[in-house]
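With CSV, C-alpha atoms inside, this is model.csv:
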chain,number,residue,atom,x,y,z
A,1,MET,CA,151.9,163.3,152.0
A,2,GLU,CA,153.6,166.4,150.6
A,3,GLN,CA,156.4,164.4,149.1
A,4,GLU,CA,156.2,163.5,145.4
A,5,VAL,CA,156.6,160.4,143.3
A,6,ARG,CA,158.5,160.7,140.0
A,7,VAL,CA,159.0,158.7,136.9
A,8,ILE,CA,161.8,156.3,137.5
A,9,PRO,CA,164.8,158.2,136.0
A,10,TYR,CA,165.6,157.2,132.5
A,11,ARG,CA,167.9,158.1,129.7
A,12,LEU,CA,166.8,159.1,126.2
A,13,VAL,CA,169.1,157.4,123.7
A,14,GLU,CA,167.6,158.6,120.4
A,15,GLU,CA,164.4,159.5,118.6
A,16,ASN,CA,163.1,158.3,115.2
A,17,GLU,CA,160.5,159.6,112.9
A,18,GLU,CA,159.7,156.2,111.4
A,19,ILE,CA,160.6,152.6,112.2
A,20,LYS,CA,159.4,149.1,111.5
A,21,GLU,CA,160.5,146.4,113.9
A,22,ILE,CA,159.8,144.0,116.6
A,23,PRO,CA,161.8,145.6,119.4
A,24,LYS,CA,164.8,143.6,120.6
A,25,GLY,CA,163.5,143.5,124.1
A,26,VAL,CA,160.2,142.0,123.0
A,27,GLU,CA,162.2,139.3,121.1
A,28,LEU,CA,164.6,138.7,124.0
A,29,ILE,CA,161.8,137.6,126.3
A,30,GLN,CA,160.4,135.3,123.6
A,31,ALA,CA,157.0,137.1,123.3
A,32,PRO,CA,156.6,136.5,119.5
A,33,LYS,CA,156.8,132.7,120.1
A,34,LEU,CA,153.6,132.9,122.1
A,35,TRP,CA,151.6,135.0,119.6
A,36,HIS,CA,150.3,131.9,117.8
A,37,GLU,CA,148.5,131.1,121.0
A,38,THR,CA,147.7,134.5,122.4
A,39,LYS,CA,148.4,138.2,122.0
A,40,GLY,CA,146.7,139.3,125.2
A,41,LYS,CA,143.2,139.9,123.9
A,42,GLY,CA,140.7,140.6,126.7
A,43,ILE,CA,143.3,141.6,129.3
A,44,LYS,CA,143.1,145.1,130.7
A,45,VAL,CA,146.4,146.7,131.7
A,46,ALA,CA,146.3,149.9,133.8
A,47,VAL,CA,149.3,152.1,133.0
A,48,LEU,CA,149.9,154.5,135.9
A,49,ASP,CA,152.3,157.0,134.4
A,50,THR,CA,152.4,160.4,132.6
A,51,GLY,CA,149.4,159.6,130.4
A,52,CYS,CA,149.6,158.5,126.7
A,53,GLU,CA,149.6,160.0,123.3
A,54,THR,CA,146.2,158.7,122.4
A,55,ALA,CA,146.5,159.5,118.7
A,56,HIS,CA,149.7,157.5,118.2
A,57,PRO,CA,149.1,155.1,115.3
A,58,ASP,CA,150.5,152.2,117.2
A,59,LEU,CA,148.4,152.8,120.3
A,60,LYS,CA,145.1,154.5,119.4
A,61,ASP,CA,143.2,151.2,118.9
A,62,ARG,CA,144.6,149.7,122.1
A,63,ILE,CA,143.4,152.4,124.5
A,64,ILE,CA,140.1,151.4,126.1
A,65,GLY,CA,139.7,154.4,128.5
A,66,GLY,CA,141.5,156.5,131.1
A,67,ARG,CA,141.5,159.2,133.7
A,68,ASN,CA,143.6,162.1,134.7
A,69,PHE,CA,144.4,162.6,138.4
A,70,THR,CA,147.1,165.3,137.9
A,71,ASP,CA,147.2,169.1,137.8
A,72,ASP,CA,147.8,169.0,134.0
A,73,ASP,CA,144.9,170.5,131.9
A,74,ARG,CA,143.4,172.2,134.9
A,75,SER,CA,142.9,168.7,136.4
A,76,ASN,CA,140.3,167.8,133.8
A,77,PRO,CA,139.8,164.1,134.5
A,78,ASP,CA,138.9,163.3,130.9
A,79,ILE,CA,142.2,164.6,129.4
A,80,TYR,CA,145.0,162.0,130.0
A,81,THR,CA,147.3,163.2,127.2
A,82,ASP,CA,151.0,162.7,127.7
A,83,TYR,CA,153.2,165.8,127.5
A,84,ASN,CA,156.3,164.0,128.8
A,85,GLY,CA,156.8,160.9,126.7
A,86,HIS,CA,157.5,158.4,129.4
A,87,GLY,CA,154.0,157.0,129.6
A,88,THR,CA,153.6,156.7,125.9
A,89,HIS,CA,156.9,154.7,125.7
A,90,VAL,CA,155.8,152.4,128.5
A,91,ALA,CA,152.4,151.8,126.9
A,92,GLY,CA,154.0,150.9,123.6
A,93,THR,CA,156.2,148.2,125.2
A,94,ILE,CA,153.2,146.6,126.7
A,95,ALA,CA,150.7,146.7,123.9
A,96,ALA,CA,151.7,148.5,120.7
A,97,GLN,CA,149.5,147.0,118.0
A,98,GLU,CA,150.5,145.2,114.8
A,99,ASN,CA,149.8,147.5,111.9
A,100,GLU,CA,152.6,146.8,109.4
A,101,ALA,CA,154.6,149.8,110.7
A,102,GLY,CA,156.2,151.1,113.9
A,103,VAL,CA,156.8,148.8,116.8
A,104,ILE,CA,154.9,145.8,118.3
A,105,GLY,CA,154.4,145.4,122.0
A,106,VAL,CA,154.7,142.3,124.1
A,107,ALA,CA,150.9,141.8,124.1
A,108,PRO,CA,149.7,143.6,121.0
A,109,GLU,CA,146.0,142.8,121.5
A,110,ALA,CA,145.8,143.8,125.2
A,111,GLY,CA,143.7,146.8,126.3
A,112,LEU,CA,145.4,149.8,127.8
A,113,LEU,CA,143.7,151.8,130.6
A,114,ILE,CA,145.6,155.0,130.8
A,115,VAL,CA,145.7,156.3,134.3
A,116,LYS,CA,147.6,159.6,134.4
A,117,VAL,CA,149.1,160.1,137.9
A,118,LEU,CA,152.3,162.0,136.9
A,119,ASN,CA,152.2,165.4,135.3
A,120,LYS,CA,154.2,166.8,132.4
A,121,ALA,CA,157.2,167.3,134.6
A,122,GLY,CA,157.1,163.6,135.4
A,123,SER,CA,156.2,164.1,139.1
A,124,GLY,CA,153.0,163.3,141.0
A,125,LYS,CA,151.6,163.5,144.5
A,126,TYR,CA,151.1,160.3,146.5
A,127,ASP,CA,147.4,161.1,146.6
A,128,TRP,CA,147.3,161.0,142.8
A,129,ILE,CA,149.0,157.5,142.7
A,130,ILE,CA,146.7,156.2,145.4
A,131,LYS,CA,143.6,157.5,143.6
A,132,GLY,CA,144.9,156.0,140.4
A,133,ILE,CA,145.3,152.6,142.0
A,134,HIS,CA,141.8,152.6,143.3
A,135,TYR,CA,140.5,153.7,139.9
A,136,ALA,CA,142.2,150.7,138.3
A,137,ILE,CA,140.6,148.5,140.9
A,138,GLU,CA,137.2,150.0,140.1
A,139,GLN,CA,137.7,149.5,136.4
A,140,LYS,CA,138.6,145.8,137.1
A,141,ALA,CA,142.1,146.0,135.6
A,142,ASP,CA,143.9,142.7,135.4
A,143,ILE,CA,147.4,144.2,135.7
A,144,ILE,CA,148.7,147.5,137.1
A,145,SER,CA,152.0,148.7,135.6
A,146,MET,CA,153.9,151.4,137.5
A,147,SER,CA,157.3,152.7,136.2
A,148,LEU,CA,157.5,155.3,139.0
A,149,GLY,CA,158.9,155.6,142.5
A,150,GLY,CA,160.0,157.7,145.4
A,151,PRO,CA,162.2,157.3,148.5
A,152,ALA,CA,159.3,157.3,151.0
A,153,ASP,CA,157.5,154.3,152.4
A,154,VAL,CA,153.9,155.7,152.5
A,155,PRO,CA,151.5,153.5,154.4
A,156,GLU,CA,148.5,154.7,152.4
A,157,LEU,CA,150.2,153.7,149.2
A,158,HIS,CA,151.1,150.3,150.5
A,159,GLU,CA,147.5,149.7,151.6
A,160,ALA,CA,146.2,150.7,148.2
A,161,ILE,CA,148.6,148.1,146.6
A,162,LYS,CA,147.5,145.5,149.1
A,163,THR,CA,143.8,146.2,148.1
A,164,ALA,CA,144.7,145.8,144.4
A,165,VAL,CA,146.4,142.4,145.0
A,166,ASN,CA,143.5,141.3,147.2
A,167,ASN,CA,141.3,142.0,144.2
A,168,ASN,CA,143.4,139.6,142.2
A,169,ILE,CA,145.2,142.3,140.3
A,170,LEU,CA,148.9,141.8,139.4
A,171,VAL,CA,150.9,144.9,140.3
A,172,VAL,CA,154.2,145.4,138.4
A,173,CYS,CA,156.7,148.0,139.4
A,174,ALA,CA,160.1,149.2,138.2
A,175,ALA,CA,162.8,148.6,140.8
A,176,GLY,CA,164.5,151.9,140.4
A,177,ASN,CA,167.7,153.3,138.9
A,178,GLU,CA,169.7,154.2,142.0
A,179,GLY,CA,171.9,151.1,141.7
A,180,ASP,CA,175.6,151.2,142.0
A,181,GLY,CA,176.4,147.8,140.5
A,182,ASP,CA,177.2,146.4,144.0
A,183,ASP,CA,174.8,143.8,145.3
A,184,SER,CA,176.1,144.2,148.8
A,185,THR,CA,174.3,147.6,149.0
A,186,ASN,CA,170.5,148.1,149.0
A,187,GLU,CA,168.7,150.8,147.1
A,188,PHE,CA,165.0,151.1,147.8
A,189,ALA,CA,162.4,152.9,145.8
A,190,TYR,CA,158.7,152.6,146.6
A,191,PRO,CA,156.4,151.1,145.5
A,192,GLY,CA,158.9,148.8,143.8
A,193,ALA,CA,160.4,147.6,147.2
A,194,TYR,CA,157.0,146.4,148.6
A,195,ASN,CA,156.7,142.6,148.9
A,196,GLU,CA,153.3,142.6,147.3
A,197,VAL,CA,154.4,144.0,144.0
A,198,ILE,CA,156.3,142.3,141.2
A,199,SER,CA,159.6,144.3,141.3
A,200,VAL,CA,161.5,144.4,138.0
A,201,GLY,CA,165.2,145.1,137.6
A,202,ALA,CA,166.9,145.8,134.3
A,203,ILE,CA,169.4,144.0,132.1
A,204,ASN,CA,171.0,145.0,128.8
A,205,LEU,CA,170.3,143.3,125.5
A,206,GLU,CA,173.3,141.1,126.0
A,207,ARG,CA,171.7,139.8,129.2
A,208,GLY,CA,174.2,141.6,131.5
A,209,SER,CA,172.9,143.3,134.6
A,210,SER,CA,172.4,147.1,134.2
A,211,GLU,CA,174.7,149.1,136.4
A,212,PHE,CA,171.9,151.4,137.4
A,213,THR,CA,169.4,148.8,138.5
A,214,ASN,CA,168.5,148.8,142.2
A,215,SER,CA,169.5,145.8,144.2
A,216,HIS,CA,167.7,144.3,147.3
A,217,ASN,CA,165.9,141.2,148.4
A,218,GLU,CA,162.5,142.1,147.0
A,219,ILE,CA,163.6,142.0,143.3
A,220,ASP,CA,161.5,139.4,141.7
A,221,LEU,CA,162.9,139.2,138.2
A,222,VAL,CA,164.6,141.2,135.4
A,223,ALA,CA,163.7,142.3,131.9
A,224,PRO,CA,165.4,144.3,129.1
A,225,GLY,CA,165.9,147.9,130.2
A,226,GLU,CA,168.7,149.3,128.0
A,227,GLY,CA,168.3,150.5,124.5
A,228,ILE,CA,164.6,149.9,124.4
A,229,THR,CA,162.7,151.2,121.4
A,230,SER,CA,159.0,152.1,121.7
A,231,THR,CA,156.3,154.6,120.9
A,232,TYR,CA,156.9,158.3,121.8
A,233,LEU,CA,155.4,161.8,121.4
A,234,ASN,CA,154.2,163.3,118.1
A,235,GLY,CA,153.8,159.9,116.5
A,236,LYS,CA,157.5,159.2,116.8
A,237,TYR,CA,159.6,156.5,118.4
A,238,ALA,CA,162.3,156.7,120.9
A,239,THR,CA,165.0,154.5,122.4
A,240,LEU,CA,165.2,154.8,126.2
A,241,SER,CA,167.1,153.1,129.0
A,242,GLY,CA,166.0,152.5,132.6
A,243,THR,CA,164.1,150.1,134.8
A,244,SER,CA,161.1,152.0,133.7
A,245,MET,CA,161.6,150.2,130.4
A,246,ALA,CA,162.0,146.8,132.0
A,247,ALA,CA,158.8,146.8,134.0
A,248,PRO,CA,156.4,147.0,131.0
A,249,HIS,CA,158.0,144.0,129.4
A,250,VAL,CA,156.8,142.0,132.5
A,251,SER,CA,153.3,143.7,132.4
A,252,GLY,CA,152.9,142.6,128.8
A,253,ALA,CA,154.3,139.1,129.6
A,254,LEU,CA,151.7,138.7,132.3
A,255,ALA,CA,148.9,139.7,129.8
A,256,LEU,CA,150.1,136.8,127.6
A,257,ILE,CA,150.4,134.4,130.6
A,258,LYS,CA,146.9,135.3,131.9
A,259,THR,CA,145.2,134.7,128.5
A,260,TYR,CA,147.3,131.5,128.0
A,261,SER,CA,146.2,130.3,131.4
A,262,ASN,CA,142.6,131.1,130.7
A,263,LEU,CA,142.8,128.9,127.6
A,264,HIS,CA,144.6,126.0,129.3
A,265,PHE,CA,143.1,125.8,132.8
A,266,ASP,CA,139.5,125.1,133.7
A,267,ARG,CA,139.3,128.1,136.1
A,268,VAL,CA,140.6,131.6,136.5
A,269,LEU,CA,143.9,131.6,138.3
A,270,SER,CA,144.5,133.7,141.4
A,271,GLU,CA,147.1,136.4,141.6
A,272,PRO,CA,149.6,134.2,143.5
A,273,GLU,CA,149.0,131.4,140.9
A,274,LEU,CA,149.7,133.8,138.0
A,275,TYR,CA,152.8,135.1,139.8
A,276,ALA,CA,153.9,131.4,140.1
A,277,GLN,CA,153.3,131.0,136.3
A,278,LEU,CA,155.5,134.1,135.7
A,279,ILE,CA,158.3,132.8,137.9
A,280,LYS,CA,158.2,129.5,136.1
A,281,ARG,CA,159.0,131.4,133.0
A,282,THR,CA,162.3,132.8,134.1
A,283,VAL,CA,165.9,131.8,133.5
A,284,PRO,CA,168.8,132.6,135.9
A,285,LEU,CA,171.6,134.7,134.4
A,286,GLY,CA,174.2,134.0,137.1
A,287,ASN,CA,173.9,137.4,138.9
A,288,SER,CA,173.2,137.9,142.6
A,289,PRO,CA,169.5,137.3,143.5
A,290,LYS,CA,169.5,140.8,144.9
A,291,LEU,CA,170.1,142.0,141.3
A,292,GLU,CA,168.1,139.6,139.3
A,293,GLY,CA,165.7,137.9,141.6
A,294,ASN,CA,164.6,134.7,139.8
A,295,GLY,CA,166.2,135.7,136.6
A,296,LEU,CA,165.1,136.9,133.1
A,297,VAL,CA,161.5,136.6,132.1
A,298,TYR,CA,161.6,134.1,129.3
A,299,LEU,CA,158.2,133.1,128.1
A,300,THR,CA,159.1,129.8,126.4
A,301,VAL,CA,160.8,128.3,129.4
A,302,PRO,CA,158.2,125.5,130.0
A,303,GLU,CA,158.4,124.6,126.3
A,304,HIS,CA,162.2,124.8,126.4
A,305,LEU,CA,162.3,122.5,129.4
A,306,ALA,CA,160.0,120.1,127.8
A,307,GLU,CA,162.4,119.9,124.8
A,308,ILE,CA,165.3,119.2,127.2
A,309,PHE,CA,163.3,116.6,129.0
A,310,ASN,CA,162.4,114.8,125.8
A,311,HIS,CA,166.0,114.9,124.6
A,312,ASN,CA,167.3,113.5,127.8
A,313,PHE,CA,164.6,110.8,127.9
A,314,LYS,CA,165.5,109.7,124.4
A,315,THR,CA,169.2,109.6,125.3
A,316,MET,CA,168.4,107.5,128.3
A,317,VAL,CA,166.4,105.0,126.2
A,318,MET,CA,169.2,104.8,123.6
A,319,ASP,CA,171.7,104.2,126.4
A,320,ALA,CA,169.5,101.5,127.9
A,321,VAL,CA,169.4,99.8,124.5

Just give me the structure of the file as structure tokens.
Amino acid sequence: MEQEVRVIPYRLVEENEEIKEIPKGVELIQAPKLWHETKGKGIKVAVLDTGCETAHPDLKDRIIGGRNFTDDDRSNPDIYTDYNGHGTHVAGTIAAQENEAGVIGVAPEAGLLIVKVLNKAGSGKYDWIIKGIHYAIEQKADIISMSLGGPADVPELHEAIKTAVNNNILVVCAAGNEGDGDDSTNEFAYPGAYNEVISVGAINLERGSSEFTNSHNEIDLVAPGEGITSTYLNGKYATLSGTSMAAPHVSGALALIKTYSNLHFDRVLSEPELYAQLIKRTVPLGNSPKLEGNGLVYLTVPEHLAEIFNHNFKTMVMDAV
């Protein structure tokens, strides 16, 4: 396994010293409308990436632990600092806390387990990724979020993911940025192309399919992935684009869905049941299923459908009268 996995390529749009906003992507998937019910408290999201800036004011109280599996800092397992920026950005989209400044993540009370499997160059060995997945399993993570990928289908990586899913862990992966805008061609990046993972493609903030997003039959859904503002290095904020930015929207959404389900069901839902709850909360955008899967994650869909049903029912009653 000499080949390496890398961060899913992304584009830095801009950096900001200060900011105060609910990011547009968080709003687009309707996360704030669920915050009166849940903000993801008690859910553990393992972020397998380049580490995290643990002192960032929007993240420091959300981080519940971590481990370094890379060659950074002489492979010290206790130092999972981010020197790249990618992992810090992903973590912020998932769970940046409410603190009257900065940005807010999709699930602002979820816990972040920082699993550093990519080094400062944004690359990592398959062994690091596999060890990181097993660490997340040992730590009883609820969700594993991976905005990384490579061209090789490595059986050991696939087996590690299967083990995570068999342990009732939801595994969310970026689909990749090798797309050409043509749904008749397939672009595969692993682990995002495995059937067992939740593969996330990207759209822009106007709900159009991103030209760079990979297309294939394993795409499950899409989320905002262009012009996404989140936490960054040195206490700053950055706006990035890529499927790397789409995947953490879904990881955060699942944190909300899982806590919501825990409140409203009499039992803990299984991984397939939680996946079904996620897919219920999607809306088709009119693109090919190979580009958008089931559509855009849209957390208020059940409520929205209930409103439509009630409206239609009242119309039927009036017509009958």

Exercise for the section: Calculate how many Å separate atom CA of Leu112 of chain A from atom CA of Tyr80 of chain A, rounding to one decimal. Expected result: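 Calculated distance between atom CA of Leu112 of chain A and atom CA of Tyr80 of chain A is 12.4 Å.
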
Can you check which parts of segment 197-279 of chain A lie within 6 Å of segment 93-107 of chain A? Per residue, the shortest pair of atoms and distance in Å to one decimal, counting all atoms listed in the file, sorted by chain and number, as a tab-separated table.
residue	atom	partner	partner_atom	distance
A:Ser230	CA	A:Thr93	CA	5.9
A:Pro248	CA	A:Ile94	CA	5.4
A:Gly252	CA	A:Ile94	CA	4.5

Problem - Near-segment 231-243 of chain A list (6 Å; all atoms listed in the file; drop same-chain fewer than 5 positions) as a PyMOL selection string - result: chain A and resi 10-17+56+85+88-89+92+174+176+201-202+225-226

Mind writing the picked residues with C-alpha atoms as a tab-separated table (two decimals), in the frame of the given file?
chain	number	residue	atom	x	y	z
A	10	TYR	CA	165.60	157.20	132.50
A	11	ARG	CA	167.90	158.10	129.70
A	12	LEU	CA	166.80	159.10	126.20
A	13	VAL	CA	169.10	157.40	123.70
A	14	GLU	CA	167.60	158.60	120.40
A	15	GLU	CA	164.40	159.50	118.60
A	16	ASN	CA	163.10	158.30	115.20
A	17	GLU	CA	160.50	159.60	112.90
A	56	HIS	CA	149.70	157.50	118.20
A	85	GLY	CA	156.80	160.90	126.70
A	88	THR	CA	153.60	156.70	125.90
A	89	HIS	CA	156.90	154.70	125.70
A	92	GLY	CA	154.00	150.90	123.60
A	174	ALA	CA	160.10	149.20	138.20
A	176	GLY	CA	164.50	151.90	140.40
A	201	GLY	CA	165.20	145.10	137.60
A	202	ALA	CA	166.90	145.80	134.30
A	225	GLY	CA	165.90	147.90	130.20
A	226	GLU	CA	168.70	149.30	128.00

Problem - Nearest to Thr54 of chain A by atom-to-atom distance, counting all atoms listed in the file, from A:Gly66, A:Pro108, A:Gly122, A:Pro191 - result: A:Gly66

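The space between atom CA of Asn186 of chain A and atom CA of Ala276 of chain A spans 25.2 Å.
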